[in-house]
Number of protein chains: 2
Amino acid sequence: MLVTKRSIYSVIARRYPIYLVSNAHPRLIKFKSTATISPNASSNPQLAFPCLDRLEKKNEELTNSYACSTNDPNVNSLEAGPEPSYSKVQTGFKVFKSQKPIFFDNGGYLPEYELAYETWGELNEAKDNIILVHTGLSASSHAKSQPDNSKPGWWEGFIGSGKYLDTDKYFIICTNVIGGCYGSTGPSSKDPADNNYFGTRFPVITVNDMVRAQHELIKTVYNVSKIHASVGASMGGMQSLAYAMEFPEEVGKIVSISGCARSHPYSIALRHCQRQVLMSDPNWKRGFYYDSVPPHVGMKLAREIATVTYRSGPEWEYRFGRNRADDSKPPAFCPDFLVETYLDHAGEKFCLEYDANSLLYVSKAMDLFDLGHNGRTRAAKIRQETEKKYNEQRELSEEFSVPEEPYKETAESATTTPEESLQDLKHGMAKIAHKDILVIGVESDILFPVWQQREIADVLKHNKKGGDIRYFELGTNVSNYGHDTFLLSLDHIGPPVKDFLQSK
Amino acid sequence: MLVTKRSIYSVIARRYPIYLVSNAHPRLIKFKSTATISPNASSNPQLAFPCLDRLEKKNEELTNSYACSTNDPNVNSLEAGPEPSYSKVQTGFKVFKSQKPIFFDNGGYLPEYELAYETWGELNEAKDNIILVHTGLSASSHAKSQPDNSKPGWWEGFIGSGKYLDTDKYFIICTNVIGGCYGSTGPSSKDPADNNYFGTRFPVITVNDMVRAQHELIKTVYNVSKIHASVGASMGGMQSLAYAMEFPEEVGKIVSISGCARSHPYSIALRHCQRQVLMSDPNWKRGFYYDSVPPHVGMKLAREIATVTYRSGPEWEYRFGRNRADDSKPPAFCPDFLVETYLDHAGEKFCLEYDANSLLYVSKAMDLFDLGHNGRTRAAKIRQETEKKYNEQRELSEEFSVPEEPYKETAESATTTPEESLQDLKHGMAKIAHKDILVIGVESDILFPVWQQREIADVLKHNKKGGDIRYFELGTNVSNYGHDTFLLSLDHIGPPVKDFLQSK
């Protein structure tokens, strides 16, 4: 076939449909090639975007299912229409209903709340064998399978008879954090004040707020004055320390794995990107999406970014290298290298399994984590003021207000030097330096680098209060799983934990 | 004022407008508090999102300006309406117009193309003093100020009389890469076949494609058979090696700073996230946005993610710490910590300064970079076939096709082991192992970690071909600027470069 040079690709171009987009609507309209953006042939064919085709199809399917829901504000569309999978994923947990309000570190309160929790093992007669296990950002209370939910839990191999957290000895409790979406009160719950979803009317929460809710559960349900241990990894490692800071005499031992004493700017930056990507999804609608299609694209992208921070370069080097998903195909902007199909899959799997608002609130709580003295003092004051006003039935004051303008860097603020900040941390952590604390770090972790776990141990030891402060580090010769090591290298994390829990 | 507990926040809530969203349109509609989502008060006030207000305002302004443009396909809306700033940012460059087509590594071609370039110093009589300076991902040819553009360039302090790249001795040339948007032919250029924007009808390009275009410029414009040196950092460090691989006897010395011999999965993953975020912006429209509002939100987010990878944790620790932009305000989901306002600013500054499609194409070219033998052999074959068919005016064959389905991981593909991959790299790089090559790495770089620069030097030395292979590493005691060190620590990068360029 002979054609002019200008149009030698016209035949090929005709094979590939061109996508055009209407300005008014983000959904793409598929044109047949006869309606390309030009009547002429192009030098090269239009690239195809099968990953976007798939997202659009998914969006369409979700839109169709939500179209069946109702607009009656008294009827929950999730009752009338399809439910996001996170409300189905978790079953078989118990629910603690607090009749008392909870007041938060940064202002705001919940008049009442619920905490989902699961337990393993038996509470002994002395009531001194409770281990409270804290979750990471998006985990549920389902740390291990149990009669009411036989699915494997997220720490299945770590907890059990004869395991590192031994259910023959200990009574293990795990809760879904407040602000979460797996049975505990969070932004996807309804505000009792008006029976509408909280959405972003939910107050900003902190890790301390989470552990105070857990403490209420333990006191109310089990009437226990002191738990044996507070154990957790990642955000759970923050909670395990925070629990001790809030109730130092009500916990025996503390285990903090891959956590930190305060969030550092690099991890804040990584979470910031995830939140901004999610908030930019038009379906997020400032948090009021519960009656429509959830921001599944933003959630998928946020999870892909997060997944990059959960693992390590060397692991991927070995696992994926430069292999492509299909070597016989030309390069594409849609997932192409094996590592890309892996990220895509991770995002796709997560995007409807967790509530978008919960992700924002819990991720922000991690940013705000700081065991320093000043922040904790200020938070206590705010809580007291809110409670006082609540009891006196008075209007809340300014500290409860929310920003209406983007924050500008001011000359008066942002003046704390690294040295002052470290002093404040030492001052704050002096409160728990007499406790027995095990800190574990993983060298290949880029989200919570080992210097942050070393910081916890160093600051505690600096205080010289006589606590048994142990620091244990897994080198790259042991684990290249990065931040996810606590989920994947149980036989390296487990022994020091087991030994520490049994020590006198 | 006494009110019931249920409504104690009603007064406060009334102060804050509630945003609701229509399903059909992503833009938010602002309601006065009298039209909240419930007639009742909520327990807590709605959070405000000033950062989203600002994005929406920007979108509205851009929409209004583009509304003045024309739909006539023969009239460029950028001529009729506002131009994205990248088309204004760069001025005063020269343009090389190639009359010959260029054939690409992965199929596809350009029937003709232009390269923007700038020069400093004088070409000597022997024509042996050319230094070709290669840019990073988004940089223009404006490496240094010059009479036609007096603005400081991106390597202003590095190039000049008596400086590390000494214009008293050398004739420095820098080009905007092919695929870019600062004067060189790229996706924002028009396809001569139909006079419409290329958009994503532009073929996928590689770093080798970029340097072949530069080589054509040097041969055609200056009639020079051998340049003194090929110098670059980041993607420029890839190009400097690629130039030597393509034309080993036409370059004297090679300097590769913060580059690599092949892209590794971790950096591919980080760029993947940026591309997916950008492609998910409804305004991207599969690359055909030149007559409407560009995907400024996706670009902003992509740049924020990129910025995280350009710097290091320790630098931010010292610079931002946990300082907030305004300590007197409560926490917010919009930029709040100082590091967040920094990222937000970086994204905002970039989002209209660079073409979104150029970002996709050049970023993908970085992923595809691999000095191994097999890929290079295959690419040469594809180019020859395309050229043959072009000369014979025949239709192109299958290897030029684009994927219509997402790639699935197949049992047949993805079977190259790390050892095989390294062997292939050694085989490929044997081609330049006799050359004089300086490799510089920066310990605090997380995007191109030092083990990747060590890999370049190790593989070259392994070949034992007699080249002067030098490796120089900047420790964290010297620079905590991470990947951006080549832009910020000139006095540490410069001396070894200067010394190497002068060596016999």
# chains A, B, ... in the order shown; residues from 1 in each chain; ligands from 1
$ select_by_dssp --residues "region 254-333 of chain B" --states "strand (DSSP E or B)" --output "JSON, numbers by chain"
{"B": [254, 255, 256, 257, 262, 324]}
$ write_last_selection --atoms "C-alpha atoms" --output "PDB file, in the first residue's frame"
ATOM      1  CA  ILE B 254      31.479  12.492  30.640  1.00  0.00           C
ATOM      2  CA  VAL B 255      30.160  13.915  33.915  1.00  0.00           C
ATOM      3  CA  SER B 256      27.101  12.276  35.477  1.00  0.00           C
ATOM      4  CA  ILE B 257      25.844  13.820  38.731  1.00  0.00           C
ATOM      5  CA  ARG B 262      19.151   2.467  34.808  1.00  0.00           C
ATOM      6  CA  ARG B 324       3.207  25.226  62.127  1.00  0.00           C
TER       7      ARG B 324
END
$ residues_around --residues "region 134-142 of chain B" --least-positions-apart "6" --cutoff "7 Å" --atoms "only C-alpha atoms" --output "PyMOL selection string"
chain B and resi 116-118+153-154+174-176+182+231-236+239-240+362-363
$ write_last_selection --atoms "C-alpha atoms" --output "CSV table (one decimal), in the first residue's frame"
chain,number,residue,atom,x,y,z
B,116,ALA,CA,15.5,25.3,21.6
B,117,TYR,CA,19.1,26.0,22.7
B,118,GLU,CA,21.3,28.6,24.3
B,153,GLY,CA,19.4,30.5,34.7
B,154,TRP,CA,19.0,27.2,36.6
B,174,CYS,CA,22.3,23.7,26.6
B,175,THR,CA,19.1,22.5,24.9
B,176,ASN,CA,15.5,22.1,26.0
B,182,TYR,CA,10.3,25.4,26.4
B,231,VAL,CA,27.8,17.1,31.6
B,232,GLY,CA,24.5,16.8,33.5
B,233,ALA,CA,22.7,16.1,36.8
B,234,SER,CA,19.6,14.1,37.5
B,235,MET,CA,18.0,13.3,34.1
B,236,GLY,CA,20.9,15.3,32.8
B,239,GLN,CA,21.7,12.1,29.2
B,240,SER,CA,25.4,12.6,29.7
B,362,VAL,CA,9.8,13.2,30.0
B,363,SER,CA,9.0,11.4,33.3
$ residues_around --residues "Ser280 (chain A)" --least-positions-apart "4" --cutoff "9 Å" --atoms "only C-alpha atoms" --output "ChimeraX atom specification"
/A:275-276,284-285,298 /B:52,281,297-298,301
$ residues_around --residues "region 341-347 of chain B" --least-positions-apart "5" --cutoff "10 Å" --atoms "only C-alpha atoms" --output "JSON, numbers by chain"
{"A": [269, 272, 273, 276, 406, 407, 408, 409], "B": [51, 296, 297, 298, 299, 300, 301, 302, 303, 304, 305, 306, 307, 308, 320, 324, 325, 334, 335, 336, 352]}
$ write_last_selection --atoms "N, CA, C and O atoms" --output "compact mmCIF listing (two decimals), in the first residue's frame"
# COMPACT_ATOMS: atom_id res chain seq x y z
N ALA A 269 4.98 15.47 55.36
CA ALA A 269 4.93 15.81 53.93
C ALA A 269 4.32 14.67 53.12
O ALA A 269 3.50 14.90 52.23
N HIS A 272 0.69 14.57 53.89
CA HIS A 272 0.09 15.76 53.28
C HIS A 272 -0.27 15.48 51.82
O HIS A 272 -1.38 15.79 51.37
N CYS A 273 0.67 14.90 51.07
CA CYS A 273 0.41 14.62 49.65
C CYS A 273 -0.80 13.70 49.49
O CYS A 273 -1.65 13.92 48.64
N GLN A 276 -3.99 15.73 50.22
CA GLN A 276 -4.33 16.71 49.19
C GLN A 276 -4.86 16.03 47.94
O GLN A 276 -5.77 16.52 47.28
N PRO A 406 -6.32 30.44 54.29
CA PRO A 406 -5.10 29.61 54.35
C PRO A 406 -4.12 30.23 55.33
O PRO A 406 -4.04 31.45 55.43
N TYR A 407 -3.41 29.38 56.03
CA TYR A 407 -2.44 29.91 56.98
C TYR A 407 -1.27 30.54 56.24
O TYR A 407 -0.72 29.96 55.32
N LYS A 408 -0.89 31.70 56.69
CA LYS A 408 0.31 32.36 56.16
C LYS A 408 1.41 32.19 57.18
O LYS A 408 1.17 32.21 58.38
N GLU A 409 2.62 32.06 56.67
CA GLU A 409 3.74 31.98 57.60
C GLU A 409 3.90 33.34 58.27
O GLU A 409 4.07 34.34 57.60
N CYS B 51 -8.00 26.20 51.26
CA CYS B 51 -7.14 25.81 50.13
C CYS B 51 -7.99 25.36 48.94
O CYS B 51 -7.64 25.60 47.79
N HIS B 296 -4.28 22.06 36.10
CA HIS B 296 -3.40 22.74 37.06
C HIS B 296 -3.42 22.07 38.44
O HIS B 296 -2.42 22.07 39.15
N VAL B 297 -4.55 21.46 38.79
CA VAL B 297 -4.61 20.81 40.11
C VAL B 297 -3.74 19.55 40.11
O VAL B 297 -2.94 19.33 41.02
N GLY B 298 -3.87 18.74 39.06
CA GLY B 298 -3.05 17.53 38.96
C GLY B 298 -1.57 17.87 38.90
O GLY B 298 -0.73 17.19 39.50
N MET B 299 -1.23 18.95 38.20
CA MET B 299 0.17 19.37 38.10
C MET B 299 0.68 19.83 39.46
O MET B 299 1.81 19.53 39.85
N LYS B 300 -0.14 20.55 40.17
CA LYS B 300 0.26 21.03 41.49
C LYS B 300 0.54 19.85 42.42
O LYS B 300 1.57 19.79 43.09
N LEU B 301 -0.38 18.87 42.42
CA LEU B 301 -0.22 17.71 43.29
C LEU B 301 1.01 16.89 42.89
O LEU B 301 1.78 16.43 43.74
N ALA B 302 1.19 16.70 41.57
CA ALA B 302 2.34 15.94 41.09
C ALA B 302 3.63 16.61 41.54
O ALA B 302 4.59 15.96 41.96
N ARG B 303 3.66 17.94 41.47
CA ARG B 303 4.86 18.66 41.87
C ARG B 303 5.11 18.56 43.37
O ARG B 303 6.26 18.52 43.82
N GLU B 304 4.03 18.53 44.14
CA GLU B 304 4.21 18.39 45.59
C GLU B 304 4.84 17.04 45.92
O GLU B 304 5.75 16.95 46.74
N ILE B 305 4.36 16.00 45.25
CA ILE B 305 4.94 14.66 45.48
C ILE B 305 6.41 14.68 45.06
O ILE B 305 7.29 14.19 45.77
N ALA B 306 6.68 15.27 43.88
CA ALA B 306 8.06 15.33 43.38
C ALA B 306 8.96 16.08 44.37
O ALA B 306 10.08 15.66 44.64
N THR B 307 8.44 17.17 44.90
CA THR B 307 9.25 18.00 45.81
C THR B 307 9.69 17.19 47.03
O THR B 307 10.81 17.37 47.53
N VAL B 308 8.81 16.31 47.51
CA VAL B 308 9.18 15.46 48.65
C VAL B 308 10.41 14.63 48.30
O VAL B 308 11.30 14.42 49.13
N PHE B 320 12.18 23.09 58.97
CA PHE B 320 10.77 23.25 59.35
C PHE B 320 10.45 22.66 60.72
O PHE B 320 9.61 23.18 61.43
N ARG B 324 4.41 25.03 62.93
CA ARG B 324 3.21 25.23 62.13
C ARG B 324 3.25 26.63 61.53
O ARG B 324 3.97 27.50 62.01
N ALA B 325 2.49 26.82 60.45
CA ALA B 325 2.52 28.12 59.78
C ALA B 325 2.01 29.19 60.73
O ALA B 325 2.51 30.31 60.74
N CYS B 334 -6.22 21.69 55.38
CA CYS B 334 -5.47 22.49 54.40
C CYS B 334 -4.09 22.73 54.99
O CYS B 334 -3.88 22.54 56.18
N PRO B 335 -3.10 23.14 54.15
CA PRO B 335 -1.74 23.28 54.64
C PRO B 335 -1.67 23.99 55.99
O PRO B 335 -2.25 25.05 56.16
N ASP B 336 -0.96 23.41 56.91
CA ASP B 336 -1.04 23.77 58.32
C ASP B 336 0.38 23.77 58.90
O ASP B 336 0.90 24.83 59.29
N LEU B 352 1.39 25.92 36.40
CA LEU B 352 1.12 26.47 35.06
C LEU B 352 2.43 26.82 34.34
O LEU B 352 2.41 27.40 33.26
$ residues_around --residues "Ala244 (chain A)" --least-positions-apart "5" --cutoff "9 Å" --atoms "only C-alpha atoms" --output "list in words"
Ser230, Gln239, Glu249, Glu250, Val251, Gly252, Lys253, Ile254, Lys431, Ile432 and Lys435 of chain A
$ atom_distance --atom1 "CA of Lys57 (chain B)" --atom2 "CA of Glu353 (chain B)"
18.5 Å
$ atom_distance --atom1 "CA of Ala430 (chain A)" --atom2 "CA of Ile178 (chain A)"
27.1 Å
$ residues_around --residues "region 477-480 of chain A" --least-positions-apart "2" --cutoff "12 Å" --atoms "only C-alpha atoms" --output "VMD selection string"
chain A and resid 310 to 319 441 to 446 473 to 475 482 to 493
$ closest_residue --among "B:Tyr390, B:Phe247, B:Phe104, B:Phe472" --to "chain A" --atoms "only C-alpha atoms"
B:Tyr390
$ select_by_dssp --residues "region 216-409 of chain B" --states "alpha helix (DSSP H)" --output "PyMOL selection string"
chain B and resi 216-217+235-246+265-279+296-310+313-319+338-350+356-368+373-391
$ closest_residue --among "B:Ser358, B:Ser292, B:Ser145, B:Ser42" --to "Phe93 (chain B)" --atoms "only C-alpha atoms"
B:Ser145
